[in-house]
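Pasted below: run-v2.cif, mmCIF, C-alpha atoms.
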```cif
data_target
#
loop_
_atom_site.label_atom_id
_atom_site.label_comp_id
_atom_site.auth_asym_id
_atom_site.auth_seq_id
_atom_site.Cartn_x
_atom_site.Cartn_y
_atom_site.Cartn_z
CA MET P 1 0.00 0.00 0.00
CA LYS P 2 1.36 3.41 -0.98
CA PRO P 3 1.39 6.11 1.74
CA LEU P 4 -1.17 8.45 0.17
CA GLU P 5 -3.73 5.90 -1.02
CA ASP P 6 -7.29 6.99 -0.20
CA TYR P 7 -6.38 10.68 -0.48
CA LEU P 8 -8.10 12.69 -3.22
CA ILE P 9 -6.27 15.60 -4.87
CA VAL P 10 -8.20 17.97 -7.14
CA ASP P 11 -5.63 19.85 -9.20
CA PHE P 12 -6.41 22.98 -11.25
CA SER P 13 -2.77 23.70 -12.05
CA GLN P 14 -1.16 23.95 -15.48
CA PHE P 15 2.32 24.14 -17.02
CA LEU P 16 5.06 22.68 -14.79
CA SER P 17 5.15 23.90 -11.19
CA GLY P 18 1.76 22.74 -9.90
CA PRO P 19 1.58 19.57 -12.02
CA SER P 20 5.06 18.55 -10.82
CA ALA P 21 3.75 18.70 -7.23
CA SER P 22 0.64 16.65 -7.97
CA LEU P 23 2.76 14.17 -9.95
CA ARG P 24 4.81 13.45 -6.85
CA LEU P 25 1.65 13.06 -4.76
CA ALA P 26 0.27 10.67 -7.37
CA ASP P 27 3.50 8.67 -7.24
CA LEU P 28 3.01 8.41 -3.48
CA GLY P 29 -0.40 6.90 -4.03
CA ALA P 30 -2.86 9.81 -4.07
CA ARG P 31 -5.68 9.92 -6.59
CA VAL P 32 -5.16 13.07 -8.65
CA ILE P 33 -8.03 14.50 -10.70
CA LYS P 34 -6.78 17.13 -13.11
CA ILE P 35 -9.31 19.89 -13.84
CA GLU P 36 -9.02 21.12 -17.43
CA LYS P 37 -10.70 23.55 -19.78
CA PRO P 38 -12.91 21.79 -22.38
CA GLY P 39 -11.49 21.86 -25.87
CA THR P 40 -7.94 22.96 -25.06
CA GLY P 41 -7.14 21.60 -21.60
CA ASP P 42 -3.88 22.31 -19.84
CA ILE P 43 -1.86 24.75 -21.96
CA CYS P 44 1.04 22.34 -21.54
CA ARG P 45 -0.71 19.90 -23.89
CA THR P 46 0.38 22.16 -26.77
CA LEU P 47 3.50 23.72 -25.20
CA TYR P 48 6.16 22.04 -27.32
CA THR P 49 9.70 22.32 -25.98
CA SER P 50 11.03 20.49 -29.03
CA ASP P 51 9.56 19.11 -32.24
CA LEU P 52 8.59 15.91 -30.45
CA ILE P 53 4.86 15.11 -30.58
CA MET P 54 3.62 12.13 -28.58
CA ASN P 55 0.12 10.84 -29.31
CA ASP P 56 -0.86 14.25 -30.79
CA GLU P 57 0.30 16.23 -27.76
CA SER P 58 3.41 17.74 -26.16
CA SER P 59 6.01 15.46 -24.61
CA VAL P 60 6.13 17.83 -21.62
CA PHE P 61 2.48 17.17 -20.82
CA HIS P 62 2.95 13.40 -20.91
CA THR P 63 6.04 13.60 -18.74
CA ILE P 64 4.50 15.56 -15.90
CA ASN P 65 0.90 14.37 -15.96
CA ARG P 66 1.20 10.61 -15.94
CA ASN P 67 -0.77 8.69 -13.32
CA LYS P 68 -3.58 11.30 -13.22
CA GLU P 69 -7.22 11.56 -14.31
CA SER P 70 -8.65 14.35 -16.47
CA PHE P 71 -11.96 16.06 -15.81
CA ALA P 72 -12.87 18.71 -18.40
CA ILE P 73 -15.36 21.30 -17.16
CA ASP P 74 -16.10 24.95 -17.87
CA PHE P 75 -16.37 26.04 -14.25
CA LYS P 76 -16.87 29.68 -15.27
CA GLN P 77 -20.44 28.66 -16.07
CA PRO P 78 -22.62 28.80 -12.91
CA GLU P 79 -24.21 25.38 -13.44
CA GLU P 80 -20.88 23.72 -14.08
CA LEU P 81 -19.34 25.48 -11.08
CA GLN P 82 -21.99 23.96 -8.81
CA LYS P 83 -21.18 20.51 -10.18
CA LEU P 84 -17.49 21.10 -9.57
CA LYS P 85 -18.13 22.17 -6.00
CA LYS P 86 -19.63 18.74 -5.31
CA LEU P 87 -16.29 17.23 -6.25
CA LEU P 88 -14.34 19.78 -4.19
CA ALA P 89 -16.48 19.00 -1.15
CA LYS P 90 -15.00 15.48 -1.12
CA ALA P 91 -11.37 16.42 -1.83
CA ASP P 92 -8.58 16.16 0.70
CA VAL P 93 -6.47 18.66 -1.24
CA VAL P 94 -7.41 21.37 -3.74
CA MET P 95 -4.49 22.97 -5.56
CA HIS P 96 -3.84 25.52 -8.31
CA ASN P 97 -1.13 27.77 -9.76
CA PHE P 98 -3.22 30.64 -11.10
CA ARG P 99 -2.24 34.22 -10.38
CA PRO P 100 -3.57 35.59 -7.09
CA SER P 101 -7.24 36.69 -7.32
CA VAL P 102 -8.14 34.39 -10.25
CA MET P 103 -9.77 31.75 -8.06
CA GLU P 104 -11.39 34.48 -5.98
CA ARG P 105 -13.11 35.93 -9.05
CA ILE P 106 -14.42 32.49 -9.99
CA GLY P 107 -15.71 31.80 -6.48
CA LEU P 108 -13.18 29.10 -5.61
CA SER P 109 -10.92 30.92 -3.16
CA TYR P 110 -9.71 29.22 -0.01
CA ASP P 111 -12.57 30.78 1.96
CA ASP P 112 -15.09 29.69 -0.70
CA VAL P 113 -13.90 26.09 -0.76
CA LYS P 114 -13.58 25.99 3.02
CA LYS P 115 -17.33 26.71 3.30
CA ILE P 116 -18.15 23.45 1.52
CA ASN P 117 -15.13 21.49 2.82
CA PRO P 118 -14.09 22.84 6.25
CA ASN P 119 -11.01 20.65 6.67
CA VAL P 120 -9.70 21.05 3.13
CA ILE P 121 -6.02 21.54 2.40
CA TYR P 122 -5.92 24.37 -0.13
CA ALA P 123 -2.54 24.73 -1.83
CA SER P 124 -1.35 27.26 -4.39
CA ILE P 125 1.73 28.34 -6.29
CA SER P 126 2.11 31.90 -7.54
CA GLY P 127 4.94 33.64 -9.32
CA PHE P 128 5.52 36.42 -6.81
CA GLY P 129 3.20 35.85 -3.87
CA GLU P 130 0.41 38.08 -2.60
CA HIS P 131 2.19 41.43 -2.31
CA PRO P 132 0.16 44.03 -4.27
CA ASP P 133 3.26 45.40 -5.98
CA LEU P 134 4.33 41.97 -7.23
CA LYS P 135 1.34 39.65 -7.54
CA ASP P 136 0.45 40.50 -11.15
CA LEU P 137 3.93 39.93 -12.57
CA PRO P 138 4.26 36.91 -14.87
CA GLY P 139 5.53 33.84 -13.03
CA GLN P 140 7.74 32.37 -15.75
CA ASP P 141 10.86 30.34 -14.99
CA LEU P 142 13.46 32.29 -17.00
CA LEU P 143 12.14 35.59 -15.66
CA LEU P 144 12.37 34.30 -12.08
CA GLN P 145 15.90 33.01 -12.62
CA SER P 146 16.85 36.44 -13.92
CA LEU P 147 15.17 38.45 -11.17
CA THR P 148 16.63 36.38 -8.32
CA ALA P 149 20.31 36.53 -9.36
CA LEU P 150 20.50 32.81 -10.20
CA THR P 151 21.94 33.62 -13.61
CA TRP P 152 25.13 35.05 -12.09
CA LEU P 153 26.20 31.72 -10.56
CA SER P 154 26.66 29.56 -13.70
CA GLY P 155 29.06 30.03 -16.57
CA ASN P 156 32.44 31.75 -16.47
CA GLN P 157 33.33 35.25 -15.33
CA GLU P 158 33.09 36.88 -18.74
CA ASP P 159 30.00 35.04 -19.92
CA GLY P 160 27.43 37.46 -18.58
CA PRO P 161 24.29 36.03 -16.97
CA VAL P 162 23.76 32.32 -17.72
CA PRO P 163 20.39 30.63 -17.06
CA MET P 164 20.19 27.01 -15.99
CA GLY P 165 19.22 24.60 -18.75
CA LEU P 166 16.12 23.39 -16.90
CA SER P 167 12.92 25.01 -15.60
CA ILE P 168 14.50 24.82 -12.18
CA VAL P 169 12.32 27.41 -10.40
CA ASP P 170 9.15 25.66 -11.55
CA MET P 171 10.40 22.36 -10.17
CA LEU P 172 11.58 23.87 -6.90
CA ALA P 173 8.24 25.55 -6.31
CA GLY P 174 6.46 22.27 -7.07
CA ALA P 175 8.68 20.41 -4.61
CA HIS P 176 8.01 23.01 -1.92
CA LEU P 177 4.27 22.82 -2.51
CA ALA P 178 4.36 19.02 -2.22
CA GLN P 179 6.31 19.34 1.05
CA GLY P 180 3.75 21.78 2.44
CA ILE P 181 0.86 19.53 1.41
CA LEU P 182 2.45 16.48 3.01
CA ALA P 183 2.98 18.37 6.27
CA ALA P 184 -0.65 19.56 6.19
CA LEU P 185 -1.90 16.04 5.48
CA TYR P 186 -0.06 14.79 8.55
CA ARG P 187 -1.67 17.48 10.70
CA LYS P 188 -5.05 16.70 9.18
CA ALA P 189 -4.62 13.03 10.02
CA THR P 190 -3.57 13.73 13.60
CA HIS P 191 -5.72 16.76 14.47
CA ASN P 192 -8.41 16.88 11.73
CA ILE P 193 -7.45 20.43 10.76
CA GLY P 194 -7.21 21.75 7.20
CA ALA P 195 -4.69 24.32 5.96
CA GLN P 196 -3.88 26.91 3.35
CA ILE P 197 -0.48 26.27 1.74
CA GLN P 198 1.08 29.08 -0.30
CA VAL P 199 4.32 28.92 -2.26
CA SER P 200 5.79 31.51 -4.60
CA MET P 201 8.34 30.82 -7.30
CA LEU P 202 10.17 33.96 -6.16
CA GLU P 203 10.71 32.63 -2.63
CA SER P 204 11.56 29.15 -3.92
CA ALA P 205 14.34 30.67 -6.03
CA PHE P 206 15.64 32.58 -3.02
CA ASP P 207 15.54 29.47 -0.84
CA PHE P 208 17.49 27.53 -3.49
CA GLN P 209 20.35 29.99 -2.93
CA PHE P 210 20.41 29.80 0.88
CA GLU P 211 24.13 29.00 0.87
CA THR P 212 25.24 31.75 -1.48
CA ILE P 213 22.85 34.39 -0.10
CA THR P 214 24.02 33.70 3.46
CA THR P 215 27.62 34.04 2.30
CA PHE P 216 26.81 37.35 0.62
CA PHE P 217 25.16 38.75 3.77
CA ASN P 218 28.09 37.78 5.96
CA ASP P 219 30.94 38.56 3.59
CA GLY P 220 30.64 42.32 3.51
CA GLY P 221 28.15 42.34 0.65
CA GLU P 222 30.72 41.14 -1.86
CA LEU P 223 29.13 39.88 -5.07
CA PRO P 224 29.87 36.27 -6.04
CA VAL P 225 32.69 36.11 -8.57
CA ARG P 226 32.85 33.22 -11.03
CA THR P 227 36.27 32.00 -12.10
CA LYS P 228 37.51 33.12 -15.48
CA THR P 229 37.54 29.55 -16.77
CA ASN P 230 36.17 26.17 -15.68
CA ASN P 231 33.71 27.71 -13.22
CA ALA P 232 31.35 25.36 -11.37
CA HIS P 233 30.72 27.24 -8.10
CA ALA P 234 31.30 30.93 -7.50
CA TYR P 235 32.24 30.40 -3.85
CA LEU P 236 34.56 27.41 -4.12
CA GLY P 237 38.26 27.47 -4.91
CA ALA P 238 40.30 25.37 -7.32
CA PRO P 239 40.19 22.72 -8.59
CA TYR P 240 36.36 22.78 -8.48
CA GLY P 241 35.23 22.71 -12.11
CA ILE P 242 34.93 20.82 -15.37
CA TYR P 243 38.03 20.45 -17.56
CA LYS P 244 38.55 19.43 -21.16
CA THR P 245 40.68 16.34 -21.73
CA LYS P 246 42.16 14.87 -24.89
CA ASN P 247 38.88 13.13 -25.77
CA GLY P 248 36.20 14.53 -23.45
CA TYR P 249 35.77 16.23 -20.09
CA LEU P 250 36.68 15.60 -16.47
CA ALA P 251 34.94 16.99 -13.38
CA LEU P 252 37.05 17.74 -10.33
CA ALA P 253 35.53 18.62 -6.95
CA MET P 254 37.37 19.76 -3.82
CA GLY P 255 40.93 18.54 -3.37
CA SER P 256 44.45 19.30 -2.24
CA ILE P 257 46.50 21.02 -4.93
CA PRO P 258 49.85 19.51 -3.80
CA VAL P 259 48.29 16.05 -3.87
CA LEU P 260 46.90 16.68 -7.35
CA ALA P 261 50.28 17.98 -8.50
CA SER P 262 51.90 14.73 -7.41
CA LEU P 263 49.25 12.40 -8.81
CA LEU P 264 48.94 14.19 -12.13
CA LYS P 265 52.71 14.73 -12.41
CA CYS P 266 52.04 18.41 -12.97
CA ASP P 267 55.14 20.25 -11.73
CA ALA P 268 53.62 23.65 -12.48
CA LEU P 269 51.17 23.13 -9.62
CA LEU P 270 53.95 22.71 -7.06
CA GLN P 271 54.19 26.50 -6.72
CA PHE P 272 50.86 26.42 -4.84
CA PRO P 273 51.51 24.73 -1.47
CA GLU P 274 48.32 26.35 -0.16
CA ASN P 275 45.01 26.34 -1.99
CA LYS P 276 44.22 30.02 -1.52
CA PHE P 277 40.88 31.20 -2.90
CA THR P 278 42.54 34.19 -4.58
CA LEU P 279 44.76 31.87 -6.62
CA ARG P 280 42.00 29.74 -8.08
CA ASP P 281 42.20 31.24 -11.60
CA ASP P 282 45.95 30.62 -11.79
CA ILE P 283 45.53 27.03 -10.56
CA LYS P 284 42.68 26.30 -12.93
CA ASN P 285 44.56 27.63 -15.95
CA ILE P 286 47.45 25.27 -15.26
CA LEU P 287 45.12 22.33 -14.67
CA ALA P 288 43.14 23.10 -17.82
CA ASP P 289 46.29 22.95 -19.98
CA HIS P 290 47.69 19.86 -18.28
CA LEU P 291 44.51 17.76 -18.37
CA GLN P 292 44.21 18.15 -22.14
CA THR P 293 47.38 16.08 -22.60
CA GLN P 294 45.64 12.74 -21.81
CA GLU P 295 42.25 11.10 -22.25
CA THR P 296 39.59 11.20 -19.54
CA GLN P 297 39.94 7.55 -18.56
CA PHE P 298 43.70 7.95 -18.15
CA TRP P 299 43.14 10.57 -15.47
CA LEU P 300 40.29 8.64 -13.83
CA ASP P 301 42.51 5.58 -13.50
CA ILE P 302 44.97 7.70 -11.51
CA LEU P 303 42.60 9.83 -9.45
CA GLU P 304 39.85 7.38 -8.47
CA PRO P 305 42.14 4.85 -6.68
CA ALA P 306 43.62 7.80 -4.76
CA ASP P 307 40.12 8.75 -3.53
CA ILE P 308 40.13 12.06 -5.39
CA TRP P 309 36.58 13.31 -6.02
CA CYS P 310 36.30 13.21 -9.78
CA ALA P 311 34.07 11.95 -12.58
CA GLY P 312 33.80 11.74 -16.29
CA VAL P 313 31.26 14.10 -17.87
CA LEU P 314 28.54 12.14 -19.64
CA ASN P 315 25.91 13.06 -22.17
CA TYR P 316 22.55 11.25 -22.30
CA GLN P 317 23.76 8.59 -24.73
CA GLN P 318 26.75 7.78 -22.53
CA LEU P 319 24.74 7.96 -19.31
CA PHE P 320 22.03 5.54 -20.39
CA ALA P 321 24.64 3.04 -21.59
CA GLU P 322 26.30 2.97 -18.15
CA ASP P 323 25.75 -0.08 -15.95
CA GLY P 324 25.39 2.30 -13.01
CA PHE P 325 22.28 3.78 -14.61
CA LYS P 326 20.85 0.47 -15.77
CA VAL P 327 20.89 -1.12 -12.32
CA LEU P 328 18.71 1.67 -10.94
CA ASN P 329 15.76 0.71 -13.17
CA PHE P 330 14.98 4.41 -13.25
CA THR P 331 12.78 4.27 -16.34
CA GLN P 332 9.31 2.82 -16.66
CA GLN P 333 6.91 2.06 -19.49
CA VAL P 334 3.49 3.66 -19.07
CA GLU P 335 0.31 3.22 -21.10
CA MET P 336 -2.48 5.65 -21.88
CA LEU P 337 -6.13 4.65 -22.01
CA ASP P 338 -6.05 4.45 -25.81
CA GLY P 339 -3.14 2.00 -25.73
CA TYR P 340 -0.37 4.48 -26.53
CA THR P 341 2.78 3.63 -24.53
CA TYR P 342 5.84 5.68 -23.78
CA LYS P 343 9.02 5.44 -21.75
CA THR P 344 9.64 7.92 -18.96
CA THR P 345 11.25 8.26 -15.55
CA ARG P 346 9.89 6.92 -12.26
CA CYS P 347 9.61 8.47 -8.82
CA PRO P 348 13.04 8.64 -7.12
CA ILE P 349 11.64 7.71 -3.69
CA LYS P 350 11.88 4.17 -2.30
CA ILE P 351 9.69 3.12 0.64
CA ASP P 352 10.14 -0.13 2.55
CA GLY P 353 12.56 -1.28 -0.11
CA GLU P 354 10.07 -0.77 -2.93
CA TYR P 355 10.17 1.74 -5.76
CA LEU P 356 7.06 3.84 -6.34
CA THR P 357 6.06 2.96 -9.89
CA SER P 358 2.84 3.04 -11.87
CA GLY P 359 2.10 1.92 -15.40
CA LYS P 360 -0.62 4.55 -15.87
CA GLY P 361 0.17 7.15 -18.51
CA SER P 362 -1.15 10.68 -18.92
CA PRO P 363 -4.88 11.21 -19.51
CA LYS P 364 -6.59 12.30 -22.69
CA LEU P 365 -8.53 15.52 -22.18
CA GLY P 366 -11.74 14.77 -20.29
CA GLN P 367 -11.30 11.01 -20.50
CA ASP P 368 -12.52 10.50 -16.91
CA ASN P 369 -15.55 12.81 -16.99
CA GLU P 370 -18.17 10.08 -16.96
CA LYS P 371 -16.53 8.09 -14.16
CA ILE P 372 -15.93 11.15 -11.97
CA SER P 373 -19.43 12.53 -12.54
CA LYS P 374 -21.05 9.25 -11.47
CA GLU P 375 -18.82 8.93 -8.44
CA PHE P 376 -18.88 12.47 -7.07
CA ILE P 377 -21.44 14.68 -8.81
CA ASP P 378 -24.50 12.72 -9.95
CA CYS P 379 -24.77 10.62 -6.82
#
```

If you took the structure in this file and wrote it as structure tokens, what would it be?
Amino acid sequence: MKPLEDYLIVDFSQFLSGPSASLRLADLGARVIKIEKPGTGDICRTLYTSDLIMNDESSVFHTINRNKESFAIDFKQPEELQKLKKLLAKADVVMHNFRPSVMERIGLSYDDVKKINPNVIYASISGFGEHPDLKDLPGQDLLLQSLTALTWLSGNQEDGPVPMGLSIVDMLAGAHLAQGILAALYRKATHNIGAQIQVSMLESAFDFQFETITTFFNDGGELPVRTKTNNAHAYLGAPYGIYKTKNGYLALAMGSIPVLASLLKCDALLQFPENKFTLRDDIKNILADHLQTQETQFWLDILEPADIWCAGVLNYQQLFAEDGFKVLNFTQQVEMLDGYTYKTTRCPIKIDGEYLTSGKGSPKLGQDNEKISKEFIDC
């Protein structure tokens, strides 16, 4: 039995942040009913991040909405709204990621839903929270990365701002919402009290940088400075970075420079008996030149037996061919109601020695309307 079986989640959210939270709850066993607009559904169904089309819809939608049900309803219509409220009255969790005031205008605010479901857990993600000066700004991942200084931590010193290659703020906000919901579900189970959970992408992006922001506050307000080359962390000294080799790349984490000088037979490094932070560019330049003289595996064969923290740098083709990836069984085959199957990732959490997997794919728009209506609305 999965931990959240018997819990009902009604999810109004779209795009990535909210659906990533409900995906994790579904993996943990909750029943997730996705509320969608008739005709078009979640905007993510047609938000193509590449040219890949899977079963007539976006690969992003299939990735983040597996293991859910779809209920299509135009809840802006008064009669349909009343039907929807019957479903909400039986939900353990109601969640959305609309801008503040959207659900209020519809009549589905926390206070509105609480009237029909007093112990409901009502969870929301916004871009910038409830502050009147911020709440109407667009909550989009790249914009949030840019506005929260995240883009000054990746890349090299002369690169300018560099965004991360993932929708990281969306995923962080989704993870935080799931954490808040789980905490509220525990309190509901022990004290029969509902809750309002609020997460903003802005605050999630700040929290992600707790280490670097704390350093900034306590380091005289000095801005983080990336190394000129091979940067991987603005606040860590050499050798921390990724280096080109004769046939690929090598990642080096923290380590003693004199020890590296001896192991790598790099005499030029012997001039640095202490690994001073101010010397990291000089050290990295020497390392960068020296490591290009041999292939990646040559260096790994020297460094790994000496317990130096290092790794080869893999692309997807190399990664998925590795035995270390294969033994994890991290992929799963899922099937949609119409028989379409696709390969995707599984939940990373293991409970009582068991992986949390499900063969249920993403839903077609409105595919569960009849079942949900009979179970919750027409009864």

Decode the PyMOL selection byres ((chain P and resi 172-179) around 8) for the given file into explicit residues and return them as number ranges by chain. P: 16-22, 24-25, 123-125, 168-171, 180-183, 197-201, 204-205, 208

Just the selected residues (C-alpha atoms), exported as a PDB file, in the coordinates of the input, please.
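Saved as selection_5.pdb:
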```
ATOM      1  CA  LEU P  16       5.060  22.680 -14.790  1.00  0.00           C
ATOM      2  CA  SER P  17       5.150  23.900 -11.190  1.00  0.00           C
ATOM      3  CA  GLY P  18       1.760  22.740  -9.900  1.00  0.00           C
ATOM      4  CA  PRO P  19       1.580  19.570 -12.020  1.00  0.00           C
ATOM      5  CA  SER P  20       5.060  18.550 -10.820  1.00  0.00           C
ATOM      6  CA  ALA P  21       3.750  18.700  -7.230  1.00  0.00           C
ATOM      7  CA  SER P  22       0.640  16.650  -7.970  1.00  0.00           C
ATOM      8  CA  ARG P  24       4.810  13.450  -6.850  1.00  0.00           C
ATOM      9  CA  LEU P  25       1.650  13.060  -4.760  1.00  0.00           C
ATOM     10  CA  ALA P 123      -2.540  24.730  -1.830  1.00  0.00           C
ATOM     11  CA  SER P 124      -1.350  27.260  -4.390  1.00  0.00           C
ATOM     12  CA  ILE P 125       1.730  28.340  -6.290  1.00  0.00           C
ATOM     13  CA  ILE P 168      14.500  24.820 -12.180  1.00  0.00           C
ATOM     14  CA  VAL P 169      12.320  27.410 -10.400  1.00  0.00           C
ATOM     15  CA  ASP P 170       9.150  25.660 -11.550  1.00  0.00           C
ATOM     16  CA  MET P 171      10.400  22.360 -10.170  1.00  0.00           C
ATOM     17  CA  GLY P 180       3.750  21.780   2.440  1.00  0.00           C
ATOM     18  CA  ILE P 181       0.860  19.530   1.410  1.00  0.00           C
ATOM     19  CA  LEU P 182       2.450  16.480   3.010  1.00  0.00           C
ATOM     20  CA  ALA P 183       2.980  18.370   6.270  1.00  0.00           C
ATOM     21  CA  ILE P 197      -0.480  26.270   1.740  1.00  0.00           C
ATOM     22  CA  GLN P 198       1.080  29.080  -0.300  1.00  0.00           C
ATOM     23  CA  VAL P 199       4.320  28.920  -2.260  1.00  0.00           C
ATOM     24  CA  SER P 200       5.790  31.510  -4.600  1.00  0.00           C
ATOM     25  CA  MET P 201       8.340  30.820  -7.300  1.00  0.00           C
ATOM     26  CA  SER P 204      11.560  29.150  -3.920  1.00  0.00           C
ATOM     27  CA  ALA P 205      14.340  30.670  -6.030  1.00  0.00           C
ATOM     28  CA  PHE P 208      17.490  27.530  -3.490  1.00  0.00           C
TER      29      PHE P 208
END
```

Got a sec: who's within 12 Å of P:Asn315, counting only C-alpha atoms, leaving out chain neighbours fewer than 5 positions off, as a PyMOL selection string? chain P and resi 248-249+320-322

Those same residues, written as an mmCIF file, in the frame of the given file with C-alpha atoms?
```cif
data_model
loop_
_atom_site.group_PDB
_atom_site.id
_atom_site.type_symbol
_atom_site.label_atom_id
_atom_site.label_comp_id
_atom_site.auth_asym_id
_atom_site.auth_seq_id
_atom_site.Cartn_x
_atom_site.Cartn_y
_atom_site.Cartn_z
ATOM 1 C CA GLY P 248 36.200 14.530 -23.450
ATOM 2 C CA TYR P 249 35.770 16.230 -20.090
ATOM 3 C CA PHE P 320 22.030 5.540 -20.390
ATOM 4 C CA ALA P 321 24.640 3.040 -21.590
ATOM 5 C CA GLU P 322 26.300 2.970 -18.150
#
```

Counting all atoms listed in the file, which residues come within 12 Å of (-2.1, 42.8, -5.9), with the point read in the file's coordinates, and could you list them as number ranges by chain? P: 99-102, 126, 128-137

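Among P:Ile121, P:Lys244, P:Thr227, P:Leu23, the residue with the shortest atom-to-atom distance to P:Tyr186, counting only C-alpha atoms, is P:Ile121.
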
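On the file presented, the PyMOL selection byres ((chain P and resi 117) around 9) picks out Leu88, Ala89, Lys90, Ala91, Asp92, Asp112, Val113, Lys114, Lys115, Ile116, Pro118, Asn119 and Val120 of chain P.
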
What would the file look like if the residues just selected were written as a PDB file, in the frame of the given file with C-alpha atoms?
```pdb
ATOM      1  CA  LEU P  88     -14.340  19.780  -4.190  1.00  0.00           C
ATOM      2  CA  ALA P  89     -16.480  19.000  -1.150  1.00  0.00           C
ATOM      3  CA  LYS P  90     -15.000  15.480  -1.120  1.00  0.00           C
ATOM      4  CA  ALA P  91     -11.370  16.420  -1.830  1.00  0.00           C
ATOM      5  CA  ASP P  92      -8.580  16.160   0.700  1.00  0.00           C
ATOM      6  CA  ASP P 112     -15.090  29.690  -0.700  1.00  0.00           C
ATOM      7  CA  VAL P 113     -13.900  26.090  -0.760  1.00  0.00           C
ATOM      8  CA  LYS P 114     -13.580  25.990   3.020  1.00  0.00           C
ATOM      9  CA  LYS P 115     -17.330  26.710   3.300  1.00  0.00           C
ATOM     10  CA  ILE P 116     -18.150  23.450   1.520  1.00  0.00           C
ATOM     11  CA  PRO P 118     -14.090  22.840   6.250  1.00  0.00           C
ATOM     12  CA  ASN P 119     -11.010  20.650   6.670  1.00  0.00           C
ATOM     13  CA  VAL P 120      -9.700  21.050   3.130  1.00  0.00           C
TER      14      VAL P 120
END
```

Decode the PyMOL selection byres ((chain P and resi 283) around 10) for the given file into explicit residues and return them as a tab-separated table (two decimals) with C-alpha atoms, in the coordinates of the input.
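Now in out30.tsv:
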```tsv
chain	number	residue	atom	x	y	z
P	237	GLY	CA	38.26	27.47	-4.91
P	238	ALA	CA	40.30	25.37	-7.32
P	239	PRO	CA	40.19	22.72	-8.59
P	257	ILE	CA	46.50	21.02	-4.93
P	268	ALA	CA	53.62	23.65	-12.48
P	269	LEU	CA	51.17	23.13	-9.62
P	271	GLN	CA	54.19	26.50	-6.72
P	272	PHE	CA	50.86	26.42	-4.84
P	275	ASN	CA	45.01	26.34	-1.99
P	276	LYS	CA	44.22	30.02	-1.52
P	277	PHE	CA	40.88	31.20	-2.90
P	278	THR	CA	42.54	34.19	-4.58
P	279	LEU	CA	44.76	31.87	-6.62
P	280	ARG	CA	42.00	29.74	-8.08
P	281	ASP	CA	42.20	31.24	-11.60
P	282	ASP	CA	45.95	30.62	-11.79
P	284	LYS	CA	42.68	26.30	-12.93
P	285	ASN	CA	44.56	27.63	-15.95
P	286	ILE	CA	47.45	25.27	-15.26
P	287	LEU	CA	45.12	22.33	-14.67
P	288	ALA	CA	43.14	23.10	-17.82
```

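One distance worth recording is that between atom CA of P:Phe12 and atom CA of P:Phe98, which is 8.3 Å.
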
Using all atoms listed in the file, which residues of stretch 296-332 of chain P come within 12 Å of stretch 353-356 of chain P, and what is the closest atom pair for each, with the distance in Å to one decimal? Give it as a tab-separated table, sorted by chain and residue number.
```
residue	atom	partner	partner_atom	distance
P:Leu328	CA	P:Tyr355	CA	10.0
P:Asn329	CA	P:Tyr355	CA	9.3
P:Phe330	CA	P:Tyr355	CA	9.3
P:Thr331	CA	P:Tyr355	CA	11.2
P:Gln332	CA	P:Leu356	CA	10.6
```

Please produce a file of the residues just selected, as a short mmCIF file (atom, residue, chain, number, x, y, z; two decimals), in the coordinates of the input, where the atoms kept are C-alpha atoms.
```cif
data_model
loop_
_atom_site.label_atom_id
_atom_site.label_comp_id
_atom_site.auth_asym_id
_atom_site.auth_seq_id
_atom_site.Cartn_x
_atom_site.Cartn_y
_atom_site.Cartn_z
CA LEU P 328 18.71 1.67 -10.94
CA ASN P 329 15.76 0.71 -13.17
CA PHE P 330 14.98 4.41 -13.25
CA THR P 331 12.78 4.27 -16.34
CA GLN P 332 9.31 2.82 -16.66
#
```

Give me, as a ChimeraX atom specification, all polymer residues having an atom no more than 10 Å from stretch 34-37 of chain P, counting all atoms listed in the file and skipping those fewer than 4 positions away in the same chain. /P:9-14,19,22,41-43,65,68-76,84,95-96,363,365-366,368-369

For the residues selected in the previous step, produce a file with C-alpha atoms as a short mmCIF file (atom, residue, chain, number, x, y, z; two decimals), keeping the file's coordinate frame.
```cif
data_model
loop_
_atom_site.label_atom_id
_atom_site.label_comp_id
_atom_site.auth_asym_id
_atom_site.auth_seq_id
_atom_site.Cartn_x
_atom_site.Cartn_y
_atom_site.Cartn_z
CA ILE P 9 -6.27 15.60 -4.87
CA VAL P 10 -8.20 17.97 -7.14
CA ASP P 11 -5.63 19.85 -9.20
CA PHE P 12 -6.41 22.98 -11.25
CA SER P 13 -2.77 23.70 -12.05
CA GLN P 14 -1.16 23.95 -15.48
CA PRO P 19 1.58 19.57 -12.02
CA SER P 22 0.64 16.65 -7.97
CA GLY P 41 -7.14 21.60 -21.60
CA ASP P 42 -3.88 22.31 -19.84
CA ILE P 43 -1.86 24.75 -21.96
CA ASN P 65 0.90 14.37 -15.96
CA LYS P 68 -3.58 11.30 -13.22
CA GLU P 69 -7.22 11.56 -14.31
CA SER P 70 -8.65 14.35 -16.47
CA PHE P 71 -11.96 16.06 -15.81
CA ALA P 72 -12.87 18.71 -18.40
CA ILE P 73 -15.36 21.30 -17.16
CA ASP P 74 -16.10 24.95 -17.87
CA PHE P 75 -16.37 26.04 -14.25
CA LYS P 76 -16.87 29.68 -15.27
CA LEU P 84 -17.49 21.10 -9.57
CA MET P 95 -4.49 22.97 -5.56
CA HIS P 96 -3.84 25.52 -8.31
CA PRO P 363 -4.88 11.21 -19.51
CA LEU P 365 -8.53 15.52 -22.18
CA GLY P 366 -11.74 14.77 -20.29
CA ASP P 368 -12.52 10.50 -16.91
CA ASN P 369 -15.55 12.81 -16.99
#
```
